[in-house]
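Next comes work_32.txt, with compact mmCIF, C-alpha atoms and all ligand atoms.
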# COMPACT_ATOMS: atom_id res chain seq x y z
CA SER O 1 9.43 8.78 25.86
CA THR O 2 7.77 8.51 22.46
CA PRO O 3 5.99 11.70 21.34
CA ALA O 4 2.22 11.07 21.15
CA ASN O 5 2.01 12.22 17.54
CA TRP O 6 4.51 9.58 16.38
CA THR O 7 2.26 6.89 17.85
CA ARG O 8 -0.83 8.63 16.45
CA VAL O 9 0.63 8.58 12.94
CA ASP O 10 1.66 4.92 13.29
CA ASP O 11 -1.91 4.12 14.38
CA TYR O 12 -3.28 6.04 11.40
CA LEU O 13 -0.91 4.33 8.95
CA ALA O 14 -1.68 0.88 10.37
CA ALA O 15 -5.44 1.53 10.22
CA THR O 16 -5.14 2.79 6.63
CA LEU O 17 -2.71 0.25 5.21
CA LEU O 18 -3.08 -2.97 7.20
CA ASP O 19 -5.94 -5.42 7.52
CA ASP O 20 -7.14 -6.67 10.90
CA ASP O 21 -5.24 -9.84 11.53
CA PRO O 22 -6.54 -12.06 14.35
CA ALA O 23 -3.48 -14.35 14.37
CA LEU O 24 -1.08 -11.42 14.75
CA THR O 25 -3.25 -9.71 17.35
CA ALA O 26 -3.39 -12.98 19.32
CA ALA O 27 0.38 -13.49 18.95
CA ARG O 28 1.05 -10.09 20.48
CA ARG O 29 -1.54 -10.67 23.25
CA ASP O 30 -0.23 -14.13 24.20
CA SER O 31 3.40 -12.99 24.11
CA ALA O 32 2.56 -10.21 26.57
CA ALA O 33 0.50 -12.59 28.74
CA ALA O 34 3.47 -14.97 28.91
CA GLY O 35 5.62 -12.10 30.19
CA LEU O 36 7.74 -11.62 27.04
CA PRO O 37 9.06 -8.07 26.67
CA PRO O 38 7.09 -5.92 24.17
CA ILE O 39 10.04 -5.42 21.84
CA GLU O 40 8.70 -6.95 18.64
CA VAL O 41 8.58 -4.92 15.43
CA THR O 42 5.49 -2.80 14.87
CA ALA O 43 2.82 -4.18 12.54
CA LEU O 44 3.98 -1.65 9.93
CA GLY O 45 7.54 -2.91 10.37
CA GLY O 46 6.36 -6.51 10.10
CA LYS O 47 4.59 -5.73 6.86
CA PHE O 48 7.77 -4.09 5.58
CA LEU O 49 9.66 -7.36 6.19
CA HIS O 50 6.81 -9.31 4.61
CA LEU O 51 6.88 -7.16 1.46
CA LEU O 52 10.67 -7.41 1.32
CA ALA O 53 10.38 -11.21 1.33
CA ARG O 54 7.91 -11.01 -1.53
CA MET O 55 9.87 -8.37 -3.47
CA THR O 56 13.01 -10.48 -3.31
CA GLY O 57 11.13 -13.69 -4.13
CA ALA O 58 12.68 -15.17 -1.00
CA ARG O 59 12.50 -18.90 -0.49
CA ARG O 60 14.84 -19.17 2.48
CA VAL O 61 14.84 -16.57 5.25
CA LEU O 62 17.09 -16.44 8.30
CA GLU O 63 15.92 -14.53 11.35
CA ILE O 64 18.14 -13.93 14.38
CA GLY O 65 15.90 -13.13 17.38
CA THR O 66 12.47 -14.81 17.41
CA LEU O 67 10.88 -13.56 20.64
CA GLY O 68 7.19 -14.56 20.32
CA GLY O 69 7.35 -15.04 16.56
CA PHE O 70 5.61 -11.80 15.55
CA SER O 71 8.09 -10.82 12.83
CA THR O 72 8.49 -14.52 12.02
CA ILE O 73 4.80 -14.78 11.08
CA TRP O 74 5.10 -11.78 8.77
CA LEU O 75 8.20 -13.25 7.12
CA ALA O 76 6.75 -16.76 6.81
CA ARG O 77 3.70 -15.35 5.07
CA GLY O 78 5.93 -13.59 2.55
CA ILE O 79 8.07 -16.49 1.37
CA ARG O 80 7.34 -18.82 -1.51
CA SER O 81 5.10 -21.77 -0.75
CA ASP O 82 8.02 -24.23 -0.70
CA GLY O 83 10.14 -21.88 1.43
CA LEU O 84 11.50 -21.99 4.97
CA VAL O 85 12.17 -19.44 7.69
CA VAL O 86 14.91 -20.51 10.08
CA THR O 87 14.67 -18.40 13.23
CA LEU O 88 17.21 -18.40 16.06
CA GLU O 89 16.25 -17.79 19.69
CA LEU O 90 18.22 -17.97 22.91
CA GLU O 91 15.32 -18.49 25.33
CA GLN O 92 13.37 -21.76 25.29
CA ARG O 93 10.44 -19.92 26.88
CA HIS O 94 10.30 -17.44 24.00
CA ALA O 95 10.56 -20.26 21.46
CA ASP O 96 7.64 -22.10 23.11
CA VAL O 97 5.42 -19.02 22.91
CA ALA O 98 6.55 -18.45 19.31
CA ARG O 99 5.75 -22.05 18.35
CA ALA O 100 2.15 -21.67 19.60
CA ASN O 101 1.80 -18.33 17.82
CA LEU O 102 3.16 -19.78 14.56
CA GLU O 103 0.77 -22.73 14.79
CA ARG O 104 -2.24 -20.48 15.27
CA ALA O 105 -1.09 -18.39 12.28
CA GLU O 106 -0.85 -21.65 10.27
CA VAL O 107 2.77 -21.09 9.24
CA SER O 108 4.53 -23.46 11.62
CA GLU O 109 5.26 -26.02 8.88
CA ARG O 110 7.41 -23.46 7.10
CA VAL O 111 9.30 -22.25 10.18
CA GLU O 112 12.14 -23.92 12.01
CA ILE O 113 13.11 -22.52 15.42
CA LEU O 114 16.65 -23.25 16.58
CA VAL O 115 17.03 -22.66 20.32
CA GLY O 116 20.40 -21.60 21.72
CA ARG O 117 22.92 -18.78 21.45
CA ALA O 118 22.94 -17.65 17.86
CA ALA O 119 26.75 -17.57 18.03
CA ASP O 120 26.49 -21.38 18.47
CA THR O 121 23.57 -22.16 16.16
CA LEU O 122 24.93 -20.11 13.24
CA PRO O 123 28.05 -22.28 12.76
CA GLN O 124 25.82 -25.38 13.07
CA LEU O 125 23.61 -23.94 10.37
CA ALA O 126 26.64 -23.35 8.15
CA GLU O 127 27.71 -26.98 8.61
CA ARG O 128 24.21 -28.11 7.72
CA LEU O 129 24.22 -26.02 4.56
CA ALA O 130 27.55 -27.55 3.56
CA GLU O 131 26.66 -31.15 4.50
CA ARG O 132 23.09 -31.31 3.21
CA GLY O 133 23.64 -29.00 0.27
CA GLU O 134 20.90 -26.66 1.50
CA ALA O 135 20.51 -23.42 -0.42
CA PRO O 136 21.87 -20.15 0.96
CA PHE O 137 19.51 -17.67 2.58
CA ASP O 138 17.85 -15.06 0.37
CA LEU O 139 16.89 -12.67 3.17
CA VAL O 140 18.28 -12.23 6.70
CA PHE O 141 16.69 -10.25 9.53
CA ILE O 142 19.02 -9.48 12.44
CA ASP O 143 17.11 -8.52 15.60
CA ALA O 144 18.70 -10.12 18.67
CA ASP O 145 21.45 -9.06 21.12
CA LYS O 146 22.83 -5.91 19.52
CA GLU O 147 26.26 -6.56 21.06
CA SER O 148 26.72 -9.35 18.50
CA ASN O 149 25.58 -7.50 15.37
CA ALA O 150 28.99 -7.61 13.65
CA THR O 151 29.26 -11.37 14.28
CA TYR O 152 25.73 -11.90 12.96
CA LEU O 153 26.43 -9.80 9.88
CA ASP O 154 29.52 -11.84 9.11
CA TRP O 155 27.47 -15.03 9.36
CA ALA O 156 24.62 -13.54 7.34
CA ILE O 157 27.02 -12.79 4.51
CA ARG O 158 28.59 -16.26 4.72
CA LEU O 159 25.18 -17.95 4.76
CA GLY O 160 23.95 -15.81 1.90
CA ARG O 161 24.87 -15.43 -1.77
CA PRO O 162 25.35 -12.47 -4.08
CA GLY O 163 21.98 -10.72 -3.95
CA THR O 164 21.03 -11.73 -0.41
CA VAL O 165 19.30 -8.88 1.43
CA ILE O 166 20.19 -8.26 5.09
CA VAL O 167 18.13 -6.07 7.43
CA VAL O 168 19.48 -4.99 10.82
CA ASP O 169 16.93 -3.53 13.22
CA ASN O 170 17.29 -0.82 15.87
CA ILE O 171 20.31 1.01 14.51
CA GLY O 172 19.26 4.51 15.62
CA ARG O 173 18.94 3.88 19.35
CA ALA O 174 17.28 7.30 19.98
CA GLY O 175 20.36 9.00 18.53
CA ASP O 176 22.90 7.24 20.72
CA VAL O 177 24.40 5.49 17.70
CA ALA O 178 26.16 8.75 16.79
CA ASP O 179 27.89 8.95 20.18
CA PRO O 180 31.53 7.92 19.61
CA GLY O 181 32.22 7.68 23.35
CA SER O 182 29.26 5.49 24.25
CA ASP O 183 29.98 2.74 26.75
CA ASP O 184 26.56 1.11 26.23
CA PRO O 185 27.39 -2.36 24.84
CA MET O 186 24.25 -2.30 22.67
CA VAL O 187 25.29 1.01 21.11
CA VAL O 188 28.88 -0.14 20.64
CA GLY O 189 27.64 -3.41 19.09
CA THR O 190 25.38 -1.46 16.75
CA GLN O 191 28.28 0.79 15.75
CA ARG O 192 30.54 -2.22 15.07
CA GLY O 193 27.82 -3.72 12.87
CA LEU O 194 27.39 -0.49 10.90
CA GLU O 195 31.16 -0.18 10.50
CA LEU O 196 31.24 -3.67 9.03
CA LEU O 197 28.43 -2.76 6.64
CA GLY O 198 30.32 0.37 5.61
CA SER O 199 33.72 -1.22 5.09
CA ASP O 200 33.31 -4.90 4.24
CA PRO O 201 33.85 -5.46 0.51
CA ARG O 202 31.35 -8.34 0.55
CA VAL O 203 28.35 -6.04 1.14
CA ASP O 204 26.78 -2.73 0.08
CA ALA O 205 24.53 -0.98 2.59
CA THR O 206 22.58 2.03 3.74
CA ALA O 207 20.53 2.89 6.82
CA LEU O 208 17.42 4.92 7.53
CA GLN O 209 16.26 6.54 10.74
CA THR O 210 12.66 5.94 11.75
CA VAL O 211 10.18 7.43 14.19
CA GLY O 212 6.96 5.73 15.26
CA ALA O 213 5.22 3.94 18.09
CA LYS O 214 8.55 2.44 19.17
CA GLY O 215 10.25 5.84 19.38
CA TRP O 216 13.28 7.11 17.45
CA ASP O 217 15.24 4.30 15.87
CA GLY O 218 16.09 2.95 12.42
CA PHE O 219 17.22 0.04 10.35
CA ALA O 220 20.12 -0.79 8.07
CA ILE O 221 19.74 -2.70 4.85
CA GLY O 222 22.54 -4.42 3.00
CA LEU O 223 22.96 -6.29 -0.25
CA VAL O 224 25.55 -9.06 -0.50
CA ARG O 225 27.78 -8.49 -3.52
N1 LIG O 301 12.22 -10.31 15.87
C1 LIG O 301 11.26 -10.31 16.97
C2 LIG O 301 10.00 -9.61 16.52
O1 LIG O 301 10.11 -8.50 15.94
O2 LIG O 301 8.90 -10.15 16.73
C3 LIG O 301 11.82 -9.60 18.17
C4 LIG O 301 13.11 -10.15 18.68
S1 LIG O 301 13.60 -9.46 20.23
C5 LIG O 301 13.96 -7.80 19.81
C6 LIG O 301 15.19 -10.18 20.49
C7 LIG O 301 15.20 -11.66 20.79
O3 LIG O 301 16.54 -12.12 20.65
C8 LIG O 301 14.73 -12.02 22.20
O4 LIG O 301 13.72 -12.98 22.17
C9 LIG O 301 16.00 -12.58 22.85
O5 LIG O 301 15.75 -13.65 23.77
C10 LIG O 301 16.77 -13.08 21.65
N2 LIG O 301 18.22 -13.19 21.89
C11 LIG O 301 18.97 -12.44 22.73
N3 LIG O 301 20.24 -12.85 22.71
C12 LIG O 301 20.30 -13.88 21.84
C13 LIG O 301 21.34 -14.75 21.41
N4 LIG O 301 22.59 -14.62 21.87
N5 LIG O 301 21.04 -15.70 20.51
C14 LIG O 301 19.78 -15.84 20.03
N6 LIG O 301 18.75 -15.06 20.42
C15 LIG O 301 19.01 -14.10 21.32
Here is the file; what I need is its structure written in the form of structure tokens.
Ligand code: SAM
Amino acid sequence: STPANWTRVDDYLAATLLDDDPALTAARRDSAAAGLPPIEVTALGGKFLHLLARMTGARRVLEIGTLGGFSTIWLARGIRSDGLVVTLELEQRHADVARANLERAEVSERVEILVGRAADTLPQLAERLAERGEAPFDLVFIDADKESNATYLDWAIRLGRPGTVIVVDNIGRAGDVADPGSDDPMVVGTQRGLELLGSDPRVDATALQTVGAKGWDGFAIGLVR
């Protein structure tokens, strides 16, 4: 379980650094009321993604794993005014909740939700980029089924360009990521993703462990060469 002081410090940091945000509070509340699992990024994590979008001047963002659209709202608020967030979600029910949350946050016109297995929607997205001449993605946030992280990273690189920033969430897994004999598919998937980031000549990467309200975890960040 998460030590109380990690949560206390997250609460302090959020109170000190973040404004009250009715649309985000309502998004979290309605996602919970609809029975979605409470596995969205923290508000501090959402703001990190938001700042990253602004720091990179991102116009086009790809998110894999929408849930109720909490991180999507943060990202959509960080992109340029003519930008687009394409977010991929397996569950129609999650996408419906996300759509309502995005509308209330007044960002729905700059977000496209593609429902289906990301392993199916990613190749469709690649075809679309090729056929319609759409621009590559500037920023990619990978936060779905961890078993598929290596596949998603490969697509993120292919759908990006030199300079595209890729963030992979939940790479610490309470320390389990360092267990070479793990038979947990989420840990193994995370390890395969990190191995790709460490060895693929198309990308340069690092990773940081985190503690906070969500426990002991971390994220990886990569830069497409
Ligand atoms: N990024 C969200 C946030 O921080 O607000 C949280 C995403 S949640 C951790 C992971 C989501 O990925 C869930 O909504 C789940 O249904 C979705 N998902 C799981 N497997 C998937 C797949 N194969 N393709 C697309 N989405 C998937």
Exercise. Given a cut-off of 7 Å, what residues near ligand LIG 301 (chain O) show up using only C-alpha atoms and all ligand atoms, put as a list of chain:residue names?
Worked result: O:Ile39, O:Glu40, O:Val41, O:Ile64, O:Gly65, O:Thr66, O:Leu67, O:Gly68, O:Gly69, O:Phe70, O:Ser71, O:Thr72, O:Leu88, O:Glu89, O:Leu90, O:Glu91, O:His94, O:Gly116, O:Arg117, O:Ala118, O:Ala119, O:Asp143, O:Ala144, O:Asp145
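For stretch 215-224 of chain O, the non-local neighbours within 6 Å, defined as residues at least 3 positions apart in the same chain or in other chains and counting all atoms listed in the file, are Thr2, Pro162, Gly163, Thr164, Val165, Ile166, Val167, Val168, Asp169, Asn170, Ile171, Gly172, Arg173, Ala174, Arg202, Val203, Asp204, Ala205, Thr206, Ala207, Leu208, Gln209, Thr210, Val211 and Gly212 of chain O.
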File of the preceding selection, C-alpha atoms, as an mmCIF file, in the frame of the given file:
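out18.cif was written with the following content:
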data_model
loop_
_atom_site.group_PDB
_atom_site.id
_atom_site.type_symbol
_atom_site.label_atom_id
_atom_site.label_comp_id
_atom_site.auth_asym_id
_atom_site.auth_seq_id
_atom_site.Cartn_x
_atom_site.Cartn_y
_atom_site.Cartn_z
ATOM 1 C CA THR O 2 7.770 8.510 22.460
ATOM 2 C CA PRO O 162 25.350 -12.470 -4.080
ATOM 3 C CA GLY O 163 21.980 -10.720 -3.950
ATOM 4 C CA THR O 164 21.030 -11.730 -0.410
ATOM 5 C CA VAL O 165 19.300 -8.880 1.430
ATOM 6 C CA ILE O 166 20.190 -8.260 5.090
ATOM 7 C CA VAL O 167 18.130 -6.070 7.430
ATOM 8 C CA VAL O 168 19.480 -4.990 10.820
ATOM 9 C CA ASP O 169 16.930 -3.530 13.220
ATOM 10 C CA ASN O 170 17.290 -0.820 15.870
ATOM 11 C CA ILE O 171 20.310 1.010 14.510
ATOM 12 C CA GLY O 172 19.260 4.510 15.620
ATOM 13 C CA ARG O 173 18.940 3.880 19.350
ATOM 14 C CA ALA O 174 17.280 7.300 19.980
ATOM 15 C CA ARG O 202 31.350 -8.340 0.550
ATOM 16 C CA VAL O 203 28.350 -6.040 1.140
ATOM 17 C CA ASP O 204 26.780 -2.730 0.080
ATOM 18 C CA ALA O 205 24.530 -0.980 2.590
ATOM 19 C CA THR O 206 22.580 2.030 3.740
ATOM 20 C CA ALA O 207 20.530 2.890 6.820
ATOM 21 C CA LEU O 208 17.420 4.920 7.530
ATOM 22 C CA GLN O 209 16.260 6.540 10.740
ATOM 23 C CA THR O 210 12.660 5.940 11.750
ATOM 24 C CA VAL O 211 10.180 7.430 14.190
ATOM 25 C CA GLY O 212 6.960 5.730 15.260
#
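If you look at atom CA of O:Ala100 and atom CA of O:Gln124, they are 24.8 Å away from each other.
Between O:Ala126 and the candidates O:Asp154, O:Asp96, O:Glu112, O:Glu103, the tightest atom-to-atom separation, counting only C-alpha atoms, involves O:Asp154.
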For this session: Show which residues sit within 6 Å of O:Glu63, as an MDAnalysis selection string. Count only C-alpha atoms, and ignore same-chain residues fewer than 6 positions away.
Result: chainID O and resid 87 140:141
For this session: Can you work out which one of O:Val107, O:Pro123, O:Ala58, O:Trp155 has the shortest atom-to-atom distance to O:Ala135, counting all atoms listed in the file?
Result: O:Ala58
Could you give me, as JSON lines, every stretch 60-179 of chain O residue with an atom at most 9 Å from stretch 5-23 of chain O, plus its closest atom pair and distance in Å to one decimal, counting all atoms listed in the file, rows ordered by chain then number?
{"residue": "O:Ile73", "atom": "CA", "partner": "O:Ala23", "partner_atom": "CA", "distance": 8.9}
{"residue": "O:Asn101", "atom": "CA", "partner": "O:Ala23", "partner_atom": "CA", "distance": 7.5}
{"residue": "O:Leu102", "atom": "CA", "partner": "O:Ala23", "partner_atom": "CA", "distance": 8.6}
{"residue": "O:Arg104", "atom": "CA", "partner": "O:Ala23", "partner_atom": "CA", "distance": 6.3}
{"residue": "O:Ala105", "atom": "CA", "partner": "O:Ala23", "partner_atom": "CA", "distance": 5.1}
{"residue": "O:Glu106", "atom": "CA", "partner": "O:Ala23", "partner_atom": "CA", "distance": 8.8}
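For O:Glu134, the residues within 12 Å (counting all atoms listed in the file, excluding itself and residues fewer than 2 positions away along the chain) are Arg59, Arg60, Gly83, Leu84, Leu125, Ala126, Glu127, Arg128, Leu129, Ala130, Glu131, Arg132, Pro136, Phe137, Leu159 and Gly160 of chain O.
The interatomic distance for the pair atom CA of O:Arg110 and atom CA of O:Leu197 works out to 29.5 Å.
For the choices O:Asp200, O:Leu44, O:Ser31, O:Leu139, the atom-to-atom distance to O:Thr56 is smallest for O:Leu139 when using all atoms listed in the file.
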Problem set entry | For atom CA of O:Gln92 and atom CA of O:Arg28, the interatomic separation in Å (one decimal) | 17.6 Å
Find the residues near O:Lys47: any atom within 9 Å, counting all atoms listed in the file, skip ones fewer than 3 places away on the same chain, and give them as a compact mmCIF listing (two decimals) with C-alpha atoms, keeping the file's coordinate frame.
# COMPACT_ATOMS: atom_id res chain seq x y z
CA LEU O 18 -3.08 -2.97 7.20
CA THR O 42 5.49 -2.80 14.87
CA ALA O 43 2.82 -4.18 12.54
CA LEU O 44 3.98 -1.65 9.93
CA HIS O 50 6.81 -9.31 4.61
CA LEU O 51 6.88 -7.16 1.46
CA LEU O 52 10.67 -7.41 1.32
CA SER O 71 8.09 -10.82 12.83
CA TRP O 74 5.10 -11.78 8.77
CA LEU O 75 8.20 -13.25 7.12
